[in-house]
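One structure is given below, encoded as structure tokens.
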Amino acid sequence: LDLISLAPRAFQPKELTPLLKRLQPRLYSISSSSKAHPGEVHLTVGVVQYQSHGRRRMGVCSTFLAERCGQGVAVALWIQASHGFRLPTDAARDIIMVGPGTGIAPFHAFLEERRAVGASGRNWLFFGDQRRAYDYLYEAALEGWKNDGHLARLDLAFSRDQAEKLYVQHRILEAADEVWTWLENGAHFYVCGDASRMAKDVDAALRQVVERCGRLATDEAAAYVENLKSEKRYQRDVY
């Protein structure tokens with residue numbers, strides 16, 4: 001619309017529609033376990049809203065889901081199977097999950113699934129966002145799981161709650177020794193969320209943990225991480 005408003009003349013709809021691309025599908029991670037919620041699929045949706053050039057702008061799909069479709073309205077969707085992002089087949093394996101913001105979605109599902117099947121492996125979650133008072137997604141569930149031991153460890157990073165920015169990668173480095181111990185004992189390491197910065201920063205932090213705690217050279221640490229990937233013990237769902 002901003003581009004059209006700059007045009008030297010008005011356009012008719014029939015002139016514009018051939019120029020427009022079809023809307024691209026929106027992909028959301030399922031944030032629930034079918035064992036915990038039979039017949040249901042839960043999503044974790046961050047509604048996109050901002051101001052630009054004097055107009056309120058709204059994300060197409062997130063606004064539709066949050067404000068427009070209404071309760072009881074059928075919504076067309078399809079399931080895209082994730083072949084490279086799933087729980088260990090051995091339920092006794094420990095898992096470390098890094099999911100800031102809406103990246104928490106698949107890990108909420110993982111935790112529900114592990115509770116439902118009685119998995120004996122330990123669960124460790126790194127979660128963060130801007131402000132705890134407003135952005136602590138699934139707070140009641142996560143704190144409850146922490147208190148009853150389903151979450152062996154919960155590390156939080158709210159970036160705007162203190163003068164210096166604090167992110168999940170900082171928490172990973174703070175807990176480097178224990179992260180390394182879990183990895184050496186066979187834990188799986190998962191990351192979900194922003195690909196442009198967060199996932200890169202977490203990957204760099206993981207490599208620092210391996211290099212420092214494993215007392216490895218940089219190339220040896222890189223080879224260790226690549227081996228985690230080849231063993232399907234380091235999986236990412238980033239976007």
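Following the order of the structure tokens, first chain is A, next is B, and so on, with residues numbered from 1 inside each chain and ligands from 1 in the order they appear.
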Quiz prompt | All strand (DSSP E) residues (DSSP, backbone) inside range 2-231 of chain A, as an MDAnalysis selection string | solution = chainID A and resid 49:52 55:58 95:98 123:129 153:158 188:193
Exercise. Give me the residues within 7 Å of range 47-52 of chain A as a PyMOL selection string, counting only C-alpha atoms and dropping any in the same chain fewer than 6 places off.
Key: chain A and resi 58-59+62-63
Write the residues of the preceding selection, restricted to N, CA and C atoms, as a PDB file, in the first residue's frame.
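Below is the file result-v5.pdb, written as the result:
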```pdb
ATOM      1  N   MET A  58      -0.722  -4.475  10.657  1.00  0.00           N
ATOM      2  CA  MET A  58      -1.020  -5.716  11.358  1.00  0.00           C
ATOM      3  C   MET A  58      -0.578  -6.912  10.528  1.00  0.00           C
ATOM      4  N   GLY A  59       0.015  -7.882  11.182  1.00  0.00           N
ATOM      5  CA  GLY A  59       0.389  -9.109  10.502  1.00  0.00           C
ATOM      6  C   GLY A  59      -0.837  -9.809   9.951  1.00  0.00           C
ATOM      7  N   SER A  62      -1.350 -13.632  11.854  1.00  0.00           N
ATOM      8  CA  SER A  62      -1.470 -13.517  13.313  1.00  0.00           C
ATOM      9  C   SER A  62      -2.688 -12.689  13.707  1.00  0.00           C
ATOM     10  N   THR A  63      -2.973 -11.622  12.962  1.00  0.00           N
ATOM     11  CA  THR A  63      -4.152 -10.804  13.258  1.00  0.00           C
ATOM     12  C   THR A  63      -5.429 -11.573  12.950  1.00  0.00           C
TER      13      THR A  63
END
```
Exercise. Any chance you could list, as a PyMOL selection string, the residues in range 32-217 of chain A that come up alpha helix (DSSP H) when DSSP is run on the backbone?
Key: chain A and resi 60-63+105-117+132-135+139-148+168-174+176-184+198-213
Self-check item: 12 Å contact set for Glu178 in chain A, only C-alpha atoms, chain neighbours under 3 positions out, as JSON, numbers by chain
Solution: {"A": [96, 124, 152, 153, 171, 172, 173, 174, 175, 181, 182, 183, 184, 185, 187, 209, 210, 213, 214]}
Those residues you just picked out, can you put them in a file as a PDB file, in the first residue's frame with C-alpha atoms?
```
ATOM      1  CA  ILE A  96      18.294 -29.274  26.725  1.00  0.00           C
ATOM      2  CA  TRP A 124      16.251 -28.379  30.923  1.00  0.00           C
ATOM      3  CA  ALA A 152      15.116 -30.327  36.212  1.00  0.00           C
ATOM      4  CA  ARG A 153      16.324 -26.826  35.434  1.00  0.00           C
ATOM      5  CA  ARG A 171      22.606 -18.085  30.425  1.00  0.00           C
ATOM      6  CA  ILE A 172      24.089 -20.974  28.461  1.00  0.00           C
ATOM      7  CA  LEU A 173      27.602 -19.631  29.025  1.00  0.00           C
ATOM      8  CA  GLU A 174      26.878 -19.082  32.729  1.00  0.00           C
ATOM      9  CA  ALA A 175      25.855 -22.744  33.017  1.00  0.00           C
ATOM     10  CA  THR A 181      28.219 -32.527  31.641  1.00  0.00           C
ATOM     11  CA  TRP A 182      24.751 -33.118  30.193  1.00  0.00           C
ATOM     12  CA  LEU A 183      26.121 -33.305  26.651  1.00  0.00           C
ATOM     13  CA  GLU A 184      28.849 -35.733  27.681  1.00  0.00           C
ATOM     14  CA  ASN A 185      26.179 -37.895  29.306  1.00  0.00           C
ATOM     15  CA  ALA A 187      21.800 -35.169  26.234  1.00  0.00           C
ATOM     16  CA  VAL A 209      31.041 -24.355  25.981  1.00  0.00           C
ATOM     17  CA  VAL A 210      32.473 -27.340  24.136  1.00  0.00           C
ATOM     18  CA  CYS A 213      34.810 -27.164  29.159  1.00  0.00           C
ATOM     19  CA  GLY A 214      36.080 -29.929  26.919  1.00  0.00           C
TER      20      GLY A 214
END
```
Quiz item: Taking only C-alpha atoms into account, which of A:Ser5, A:Val60, A:Leu228, A:Gly99 comes nearest Pro25 in chain A?
Solution: A:Val60
I'd like a table as CSV: residues in range 123-203 of chain A with an atom no more than 9 Å from range 108-114 of chain A, each row giving the shortest atom pair and its distance in Å to one decimal, only C-alpha atoms counted, sorted by chain and rising residue number.
```
residue,atom,partner,partner_atom,distance
A:Asn123,CA,A:Leu111,CA,7.7
A:Tyr138,CA,A:His108,CA,8.1
A:Ala141,CA,A:His108,CA,8.7
A:Leu142,CA,A:His108,CA,8.4
A:Trp145,CA,A:Leu111,CA,8.7
A:His150,CA,A:Leu111,CA,8.0
A:Leu151,CA,A:Leu111,CA,8.2
```
Selected residues written out, N, CA and C atoms, as a compact mmCIF listing (two decimals), in the first residue's frame:
```txt
# COMPACT_ATOMS: atom_id res chain seq x y z
N ASN A 123 14.78 -32.81 31.88
CA ASN A 123 14.42 -31.73 30.96
C ASN A 123 14.99 -30.41 31.48
N TYR A 138 3.56 -19.09 29.04
CA TYR A 138 3.36 -20.35 29.76
C TYR A 138 3.97 -20.32 31.17
N ALA A 141 2.58 -22.93 33.72
CA ALA A 141 2.97 -24.30 33.41
C ALA A 141 4.45 -24.53 33.69
N LEU A 142 5.30 -23.60 33.24
CA LEU A 142 6.74 -23.79 33.42
C LEU A 142 7.14 -23.76 34.89
N TRP A 145 6.03 -27.03 36.45
CA TRP A 145 6.92 -28.14 36.09
C TRP A 145 8.26 -28.02 36.80
N HIS A 150 9.54 -31.85 37.00
CA HIS A 150 9.48 -32.24 35.59
C HIS A 150 10.51 -31.46 34.78
N LEU A 151 10.70 -30.19 35.13
CA LEU A 151 11.82 -29.41 34.61
C LEU A 151 12.94 -29.49 35.63
```
Exercise. Please identify all polymer residues within 10 Å of Arg212 in chain A, counting only C-alpha atoms, omitting same-chain residues fewer than 3 positions from it, and present them as a VMD selection string.
Key: chain A and resid 176 to 177 180 206 to 209 215 to 218 221
Now that the selection is made, can you save its residues with C-alpha atoms as a PDB file, in the first residue's frame?
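Result file follows (again-v3.pdb):
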```
ATOM      1  CA  ALA A 176      28.669 -23.983  30.756  1.00  0.00           C
ATOM      2  CA  ASP A 177      30.007 -26.690  33.073  1.00  0.00           C
ATOM      3  CA  TRP A 180      28.907 -29.811  29.050  1.00  0.00           C
ATOM      4  CA  LEU A 206      27.475 -23.906  22.409  1.00  0.00           C
ATOM      5  CA  ARG A 207      30.817 -24.031  20.614  1.00  0.00           C
ATOM      6  CA  GLN A 208      32.401 -21.942  23.368  1.00  0.00           C
ATOM      7  CA  VAL A 209      31.041 -24.355  25.981  1.00  0.00           C
ATOM      8  CA  ARG A 215      39.516 -28.309  26.750  1.00  0.00           C
ATOM      9  CA  LEU A 216      39.456 -28.681  22.980  1.00  0.00           C
ATOM     10  CA  ALA A 217      41.041 -26.697  20.189  1.00  0.00           C
ATOM     11  CA  THR A 218      38.666 -24.633  18.059  1.00  0.00           C
ATOM     12  CA  ALA A 221      35.182 -28.218  19.235  1.00  0.00           C
TER      13      ALA A 221
END
```
Quiz item: Between CA of Gly193 in chain A and CA of Gly84 in chain A, what is the spacing in Å?
Solution: 15.0 Å
